[in-house]
Structures are given as structure tokens and as C-alpha cells.
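Reviewing the structure listed below.
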Amino acid sequence: MIKQFIPFLMLTISINFCFAQNNFGPKLTAMGSNTAAIKDIWSLNGNPSGVTHIQSPTLAINYTKYLIDSELSNQSVAFVLPFKNNYLGASFSRYGIAEYNEIKAGLALVKRFGDKLSIALKGNYHQLKINNYGSTTGFSLDVGTMYELNEQVTLGFSLNNPSIQKYSSKEVETTIPSSIQLGGAYKASDKILIATTICKDLNSSINVGFGIDYKLLELVSLRAGVTAKPFKHYAGFGLNYKKIVLDMAVESDIHLGYTPQIALAYAF
Amino acid sequence: MRFKILLILIFIGLVAKAQTHEDTFIKDLIESLAENLPEDYDLSELEDRLVFLEKHPINLNHTNPEELKSLIFLSPLQISNLFSHLKTNGRLVDILELQSIPDFDVETTQRLLPFVTLNQSDLEDRITYRNLLNLGDNDLVVRFGRVLEKPKGFTDLQGSHYIGSQERLLVRYKYNFSNRISASLIFEKDAGEQFLKGTKQFLLDYQSAHIAILNTGRFKKIVLGDYTLQFGQGLTLWSGFAFGKAPDVTSVAKKDVGLKPYTSANEYSFFRGLATTIAVAQNITFTPFLSYRKLDASLSLNDVGEDALSNVNETGLHRTATEIKNKNSVSQQLFGGVIQYQKDNLTIGAIAYHSIYSKGFITGNEVYRSYNFVGKNLTNIGLHYNYTYKNIYFFGEAGKSLTGGLAYVNGALVSLSSKVSAVVLHRNYDANYHNFFNQATAEASEAINEKGFYAGLNITPIKAWTIAIYADYFKFPWLKFRVDAPSDGYEVLGQITYTPTKTFKAVLRYKSEIKQQNTDLDVPINYLDDVEKESYRGDVNWQLNKSFSFQNRLEVSQFKKGNTKAEFGYLIYQDVDYSPLFSKISGKIRLAYFNTPSFNSRIYAYEDDVLYNFTFGMYNGKGLRTYLNLKYKLIKRVDIWAKYALFLYNKVETVGTGLDEINGNKKTDVKLQLRYQF
């Protein structure tokens with residue numbers, strides 16, 4: 001019974017919300033699923049133009065555990081290869097349990113125009129697989145841009161699946177989410193980054209995310225955030241040592257409980 | 001000569017400006033609290049403090065945290081920083097030095113200016129007969145008010161009706177001698193209450209008095225008569241007014257001022273008896289107190305046939321035969337003490353007191369009340385602390401009612417940089433935490449049966465802009481009134497303030513709240529429906545010239561319960577303020593139009609009133625609201641205020657409900673106040 005209930009829950013509750021099954025990595029998640037204008041390697045899954053701070057080839061892995069179920073998890077990998085003003089990004093993530101899983105693989109091309117503007121285009125391949133029922137696939141496109149207004153303020157905008165692509169099989173009601181994000185990040189001082197994202201998913205009401213990153217020490221950052229609809233708290237921290245970055249985040253939802261995630265990134 | 005005049009003019013301008021800043025600050029705070037306060041709540045203690053401090057500024061080189069906490073706009077972190085600055089750098093030489101203290105921005109310094117001094121004299125003014133007579137300040141206020149129309153309760157009704165007259169009357173006399181002696185005498189009569197020599201009354205329905213001697217040797221304060229006690233985070237012992245969640249996100253960290261004489265007209269929230277604060281050792285103060293007073297309650301019989309009550313009536317209204325019968329029906333004795341240790345950045349306090357009621361409490365039949373206090377005796381204990389470490393102010397309190405439950409609250413105020421400060425607050429109050437003086441920060445009007453987490457940010461990205469945002473998640477583990485199951489909810493607020501010049505201020509605010517409540521549908525077993533409330537506000541304040549300033553506001557409220565359609569209400573108003581510098585007359589006019597489909601989407605807004613009286617209007621229904629508030633300086637020491645306020649409803653036959661129902665579509669209220677200072 002539970003085995004059937006969990007996929008049902010995932011489909012009915014989470015998928016309607018902005019990118020629920022998308023993995024933004026611990027930094028963006030801890031700041032309130034704040035994808036529009038913060039730069040991080042996991043921007044690849046949100047606003048892909050946020051990877052232009054990366055200077056050498058970087059690889060990151062992520063593991064997210066949904067505590068509502070003993071098996072439900074998300075595993076992701078992201079890779080960015082910078083060359084001059086261009087960046088090539090690749091991401092892969094798997095979400096689900098043994099009987100049900102979604103796979104998303106994407107390839108992004110990001111171009112920096114001068115110091116201030118960057119634009120990205122990303123293609124995604126989706127696969128949905130349910131044991132004993134078979135599988136179906138789909139394709140979607142993301143576009144995103146970030147603009148550095150000045151040293152303090154960065155603005156960002158992204159569209160995910162604007163053409164409303166669907167899974168090829170008519171039998172599944174699961175959709176590939178279409179959403180639009182607009183946001184800004186404000187660097188209040190060398191230690192503080194505050195950011196907000198307004199997100200509209202095709203099938204749900206407008207959500208606002210708000211978060212803060214506080215660099216406690218050179219090596220340690222503390223993060224916290226909220227989103228309004230659905231109402232969730234987020235918290236996390238990041239450790240930054242030489243070429244290695246370790247980030248952790250916890251998402252707290254009234255109905256779904258805690259969702260911790262951990263990610264490790266290495267810059268070659 | 002000319003230069004001198006110019007200097008004086010600039011100075012007056014500064015003070016006047018600071019005062020208006022102050023007003024809007026208090027106004028903001030009050031509006032955010034309006035929902036949880038009873039109608040006609042006397043908020044005079046807020047303005048009282050500031051009016052007093054304007055006359056008797058605090059000497060910053062010779063003060064204590066308690067004194068500074070009465071300046072409600074200073075955050076605990078700022079206060080703490082000021083003291084560490086004094087400790088490392090010695091006395092302040094110039095007031096502008098304040099700006100070099102962490103967290104003191106230009107705005108705070110400007111707000112502070114009218115209330116502080118650097119006067120080096122540490123001499124206490126001596127109490128002599130001559131000083132008391134010559135140097136004391138006397139302040140007499142007489143306020144009269146009434147509703148011009150005749151509500152149903154005042155007509156010849158057969159059953160329940162108002163026995164007294166329709167007039168309201170307040171007489172308040174206050175005496176102050178420097179920071180050594182204070183005394184007050186207050187008489188008040190509400191509409192419908194009997195005037196002189198009514199049943200169960202001495203002169204008017206309510207009177208209050210106190211005499212206080214301050215700063216005498218080891219005795220920091222001695223108060224005989226009516227007083228209030230405010231300690232820690234308000235969880236164990238706090239009477240009188242307390243701030244909670246407000247657009248100034250730091251206001252969840254309570255600023256306790258300890259023992260204070262009581263000079264307000266609220267008939268519930270005070271103690272009556274004797275209390276003192278003694279410096280028992282260098283860093284330790286002890287505040288023992290004794291109180292005996294009567295409370296109002298409707299009595300019923302308990303299991304063994306004795307008189308018992310289920311709750312205390314806090315309104316202080318004694319208008320009908322029943323209300324008079326319930327008046328003073330229970331007595332409350334209270335004794336206890338608070339011991340506090342304060343050194344450098346650390347304050348620790350312990351509270352213990354015992355209260356005895358002449359009649360026993362019972363829970364009644366409702367299930368949601370089953371954890372309420374029963375019996376006649378209650379002992380409360382509590383521990384509170386605050387500690388500043390670098391840029392973090394930690395605060396908290398734990399309280400326990402013996403034989404009952406536990407409650408605790410902890411928080412931190414962090415100044416992340418000069419532009420960003422953050423607040424977090426965690427609370428956990430048991431449903432059976434019994435305390436009659438509990439005013440801790442909570443979503444519900446009473447800080448029991450609640451768990452919650454609050455986080456807020458204040459951001460000043462550039463000088464003219466301020467952003468405030470908070471989110472609060474709360475959970476009620478036990479049932480509540482009209483909530484037949486455990487429930488939870490959240491509240492979010494975002495506010496942007498733009499102040500490009502001293503004469504222009506614009507505010508945009510969004511607030512959203514979701515809670516749960518029994519469904520309105522007729523079902524065998526109530527289930528809970530989500531209740532969503534949202535409000536959007538835009539507000540502009542601008543000054544045309546030295547005499548005229550304007551305020552405009554538009555507020556939209558939205559209410560949605562369960563699957564029903566959302567209802568929208570709105571309020572729009574225009575205020576005009578006329579206050580020329582040297583004129584004898586000044587005044588304010590409001591013209592407002594409001595339209596709310598029901599009480600659920602009602603909107604609150606601050607209303608200007610006669611001095612010492614803060615009011616907020618509740619705008620509900622459809623119609624016009626207008627008022628005119630005038631101040632006239634009659635002669636040197638005598639000021640007169642007059643207020644005329646009118647609600648004109650659209651297409652209704654009656655206004656108000658129950659005994660307050662008025663035939664027609666109008667409700668007019670007039671107020672006249674005279675102040676004589678000598």
C-alpha cells in the first residue's frame with residue numbers, strides 16, 4: 001500500500017510545485033530554492049547562466065534524502081567546463097524509488113558577453129520509468145540569463161520548458177514542469193549575500209523564495225531561507241577548502257517533513 | 001542675533017522632525033498589534049514614556065540598560081553596543097560620537113537626540129519640600145467624550161441595558177520631580193457606567209493612584225499603589241503592554257523595564273500594593289512585590305456547589321446589571337520577587353511568585369479548555385537571560401507553573417553587517433502552562449499551547465531604502481476556540497520603505513497568513529479548513545511645506561476560508577496635517593472610504609487622536625470615515641484638544657451590534673481634552 005502511496009504523493013504534491021523534483025544543490029536550496037540570480041554549479045538545474053563564476057573544470061555530486069520515505073532519494077551529478085567566454089555544462093539526476101524513477105539528463109551551453117551579461121541554453125532529456133508499466137521519455141528546453149547591474153546587485157531570469165513539452169506516452173499524467181523565474185541577488189557586504197526569486201509554475205500560484213548566505217569565516221558559510229507558497233524553511237552551511245566545496249542543506253516542509261541533502265564539488 | 005534665531009529654528013525643526021519620526025514608528029508598531037488588542041485599549045504608557053523623556057532626557061554617561069529600554073526604538077543590540085563603547089572609550093564627549101558605535105545609523109541617532117543628553121552632572125536632585133514644590137512638574141488631563149447617537153443600550157429596554165450615562169470621562173493628574181518622585185491619580189468612567197456613587201464604586205468606576213520614590217540609596221525604586229512589572233521575555237511576569245511580531249523585526253526581542261508606576265486607564269493589566277527594587281550588591285538587584293486587588297468574573301457553581309469562575313473578564317466595562325454584578329467578584333493576592341544579576345554583557349534573572357484567588361477556577365465543558373488552570377493557588381517560577389557576544393544578542397526565558405506545564409522561548413538578534421540584521425526566535429509553550437501575567441511573543445493572543453519558529457531580516461541596502469521581512473511558522477498542539485483539532489499555520493511579511501528625503505516616505509507592505517479553523521459547513525464532526533488572509537498596503541507620507549503634510553494609503557485585504565470564494569476588502573484614505581511652527585493651532589483631517597464584504601476582511605489603520613491616546617480604527621462594512629483632530633494652545637500652560645470622528649455607512653439601517661446598535665447609518669464620536677501643566 002505504502003509503495004503505491006508514495007509515488008502518488010510525489011506526483012500529486014511535489015510535482016505541482018516549482019521544480020520540486022529538480023535538484024538545485026544545497027547552496028541554492030538552503031537559500032530558499034533561490035535559483036534566479038545566485039551563482040553556483042547547481043544553477044545548471046535552475047538558471048543555467050549562473051555557472052560563469054567557474055574558472056576551471058568542476059565536477060559536483062549530490063545526494064538528497066526525502067525522510068518521508070525510507071527509499072526515496074535523488075542523486076545528481078553536474079559538470080562544467082569553461083573555455084574563454086563559453087561554458088559547457090552537463091547534468092544528470094535520478095529521482096525516485098526502485099519501482100518508480102525519473103531521470104533527467106541535460107546539456108547546457110552558456111555564453112558570457114562582457115563582464116556583466118551571460119546567457120544560457122539547455123536541453124534536457126527526461127525519462128520516467130515505473131516497474132511493470134514500462135517507461136516513457138520526453139525532451140525539454142531551458143533558457144536563462146543573468147545580468148550584473150553593479151558590484152552589489154545581480155538580476156536573473158529563466159524559463160524552464162517554455163514550450164510545454166510532454167512525455168511521449170499519452171498514458172501518463174505526469175508533466176514536465178513549465179515555470180518562469182525572476183529574481184535578484186544583493187551583496188550587502190563581503191560576507192552577506194541576500195537573494196530572492198519569484199517563481200510561477202504553470203499549474204500553481206506564484207511562489208516567492210528569500211534567502212541569505214552569511215560567510216562566518218573564510219572557510220564557512222551559513223545559509224537560511226524561506227519560500228512562501230508552499231511555506232517551507234531552509235537552512236544549510238558550506239565548507240570551502242582550497243579546491244573542494246562541501247555544502248549541506250535541509251528543507252523543512254509542513255507536510256513532507258525534512259529533506260536533507262549533501263553535495264561535494266571539486267575544481268580541477 | 002540673527003544667527004541665534006537661525007540656530008534655534010534649526011533646533012526646533014530637528015526636534016519637531018524627530019517627534020514625527022517617533023510618531024510614525026509607534027504608529028507602525030501599534031497598527032501591527034491592532035488585531036490582538038481590545039477596542040479602546042489605552043496605549044498611553046507608550047507616549048507617556050517618550051513625553052517624559054523629552055522633558056527629562058537620559059544622561060547617556062550615567063544610565064543603565066533598563067532606562068534605555070524605555071526608548072522603544074532602540075534595539076537590545078544597540079543598547080548593548082552603547083555600553084561596551086562607554087566601557088572601552090569612557091564618557092561620550094559629543095553626541096555625534098554615537099554614530100561611531102556599531103549599529104547606530106544616522107536615523108537612530110536622530111531619533112535618539114530629543115531624548116538624551118550628555119550633561120555631566122551626576123548629582124541627584126535632593127528631595128526637599130522646597131524642591132518638590134518649585135521644581136516638580138504637574139500635569140493634569142481632563143478628557144471628555146461621547147457618541148452623539150443613542151445606542152440601543154441607552155434606551156428604555158426591559159432587559160439588559162446600560163445603567164449609566166453615555167459620557168466618557170477621564171481625569172488624570174501626574175506629578176514628577178526630576179527622577180526622584182512621581183505620583184499619579186486617575187479617574188475614569190466608560191460609556192454606560194454610572195457617574196458618582198454608583199453601585200460598587202467609590203467615586204468613578206475606575207480609579208488608580210501611585211506614589212513612587214526613585215533612586216534613594218540602595219532603593220532604586222519604591223512604588224506604593226498601582227504598578228506594573230515587566231521582566232525577561234514576558235513569559236513569567238509581564239503586565240501592561242508588550243510588543244510582539246511587527247514590521248520592525250527586532251521587536252520580538254522584548255525590552256523589559258522592570259518595576260514601573262502604573263498611570264494608564266486600562267482596568268486589568270496592573271498590580272496594586274507595594275513593590276520595590278533594591279540594589280542588594282554591586283551587580284544584583286532584588287524586586288520584592290505585594291499586590292492585592294479585585295477582578296471581574298462571571299461566577300458559576302462548581303461540583304461541590306461553591307462559587308467558581310472559568311475566566312477573568314479583562315474589559316473593565318461595568319455598564320449593565322450583569323457586568324456590575326460580576327465586578328470585583330474575585331480577589332487576587334500576589335506576592336513574590338525577582339532577583340537579577342547584570343554585569344557587562346550579561347543579564348540573568350530569576351522570578352518566583354505565588355497568587356491566591358478568593359474563588360476557584362474551573363475549566364468548563366469545552367474540550368479545548370481542558371488544560372486550563374483549576375483551583376485557587378498558583379505558584380510561578382521563571383528564569384531569563386540575555387547575553388551579548390560580539391555582534392550577537394542572545395535572549396530567552398523559561399517559565400514553569402508548579403503543578404502545571406513548562407514554557408520556554410529563546411532567540412538571537414544578529415547584526416550581520418552594518419546593512420543587515422537578522423532575528424531568530426524559537427518558542428514552545430505547553431497547553432497547561434498556567435500564568436496570568438504571560439505576554440510572551442506568540443501568534444495566539446495567549447502564549448500557551450504553541451510551538452513556533454520566527455525568522456526575520458532587516459536590510460538597508462542603500463541609505464534611502466529599508467527592507468524588512470519575516471516568516472513565522474507556528475503549531476498549536478492542542479485544540480483552540482473554534483479549532484477542534486491540533487492545527488498549524490504560518491505568517492509572512494515583507495515591507496519596503498523608501499525615504500529619499502526627510503519630507504517624503506513611501507511604504508509597500510505585503511502580509512500573508514494561513515491558519516486553520518472549523519469548517520463553516522454543517523457536518524457531524526467538524527473538520528478544519530484553511531483560513532487564508534492576505535493584505536497589500538501602499539502608503540505615502542509627504543510634506544508640502546513647513547505647515548502642511550499629507551498621507552495617503554491604499555490597503556487591500558483578502559480573506560478565503562476553505563473552498564469558498566475569496567473576498568476582497570479595501571480601504572483608501574487621505575490625511576492632511578496642518579502644524580505650522582509657531583501657530584497656536586494645529587490639526588489633522590482624515591477622509592477615508594472603505595469597502596469590506598464582511599468582518600473577516602476588516603482592515604485596521606492607526607488614527608490620530610488627542611495626546612496620550614493612541615487609537616486604531618477598525619474599518620468594516622462599506623462607507624466613509626472622517627475625523628478632525630485639533631490642538632489649540634489656549635494660554636502658556638494650557639492646551640486643548642478636540643476630536644470629531646464620523647462613520648457614515650452606505651445602505652444600512654443600523655450600525656453596531658447588541659446593546660451598541662444604533663438606528664441609522666451614522667456613528668459620531670466627539671472628544672474634548674484639556675491639559676494643564678504647572
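Residues in the C-alpha cells are named by chain (A, B, ... in the order shown) and by number from 1 within that chain; ligands are numbered from 1 in the order shown.
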With chain A as the partner and 8 Å as the cut-off, tabulate the residues of chain B that qualify, each row holding the nearest pair of atoms and their distance in Å to one decimal, using only C-alpha atoms, sorted by chain and rising number, as CSV.
residue,atom,partner,partner_atom,distance
B:Leu416,CA,A:Ile192,CA,7.5
B:Ser417,CA,A:Ser189,CA,7.0
B:Lys419,CA,A:Ala188,CA,6.5
B:Val420,CA,A:Ala188,CA,7.2
B:Pro461,CA,A:Ala188,CA,6.4
B:Ala471,CA,A:Val226,CA,7.4
B:Tyr490,CA,A:Phe231,CA,7.5
B:Val492,CA,A:Ala228,CA,7.3
*Might you pull out every residue within 12 Å of Leu169 of chain B, with only C-alpha atoms counted and same-chain residues fewer than 5 positions away left off, and present them as a ChimeraX atom specification?*
/B:141-146,186-196,204-207,265,670-674
*asked:* Please determine, counting only C-alpha atoms, which residue among B:Gly198, B:Val106, B:His210, B:Asn119 has the shortest atom-to-atom distance to Ile163 of chain B.
replied: B:Gly198
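Closest approach to Asn45 of chain A among A:Lys111, A:Lys122, A:Lys243, A:Lys170 is made by A:Lys122 (distances from only C-alpha atoms).
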*How would you write, as an MDAnalysis selection string, the set of residues in segment 453-620 of chain B that DSSP gives as strand (DSSP E)?*
chainID B and resid 453:459 465:476 487:501 504:518 528:543 548:561 567:578 585:595 603:607 615:619
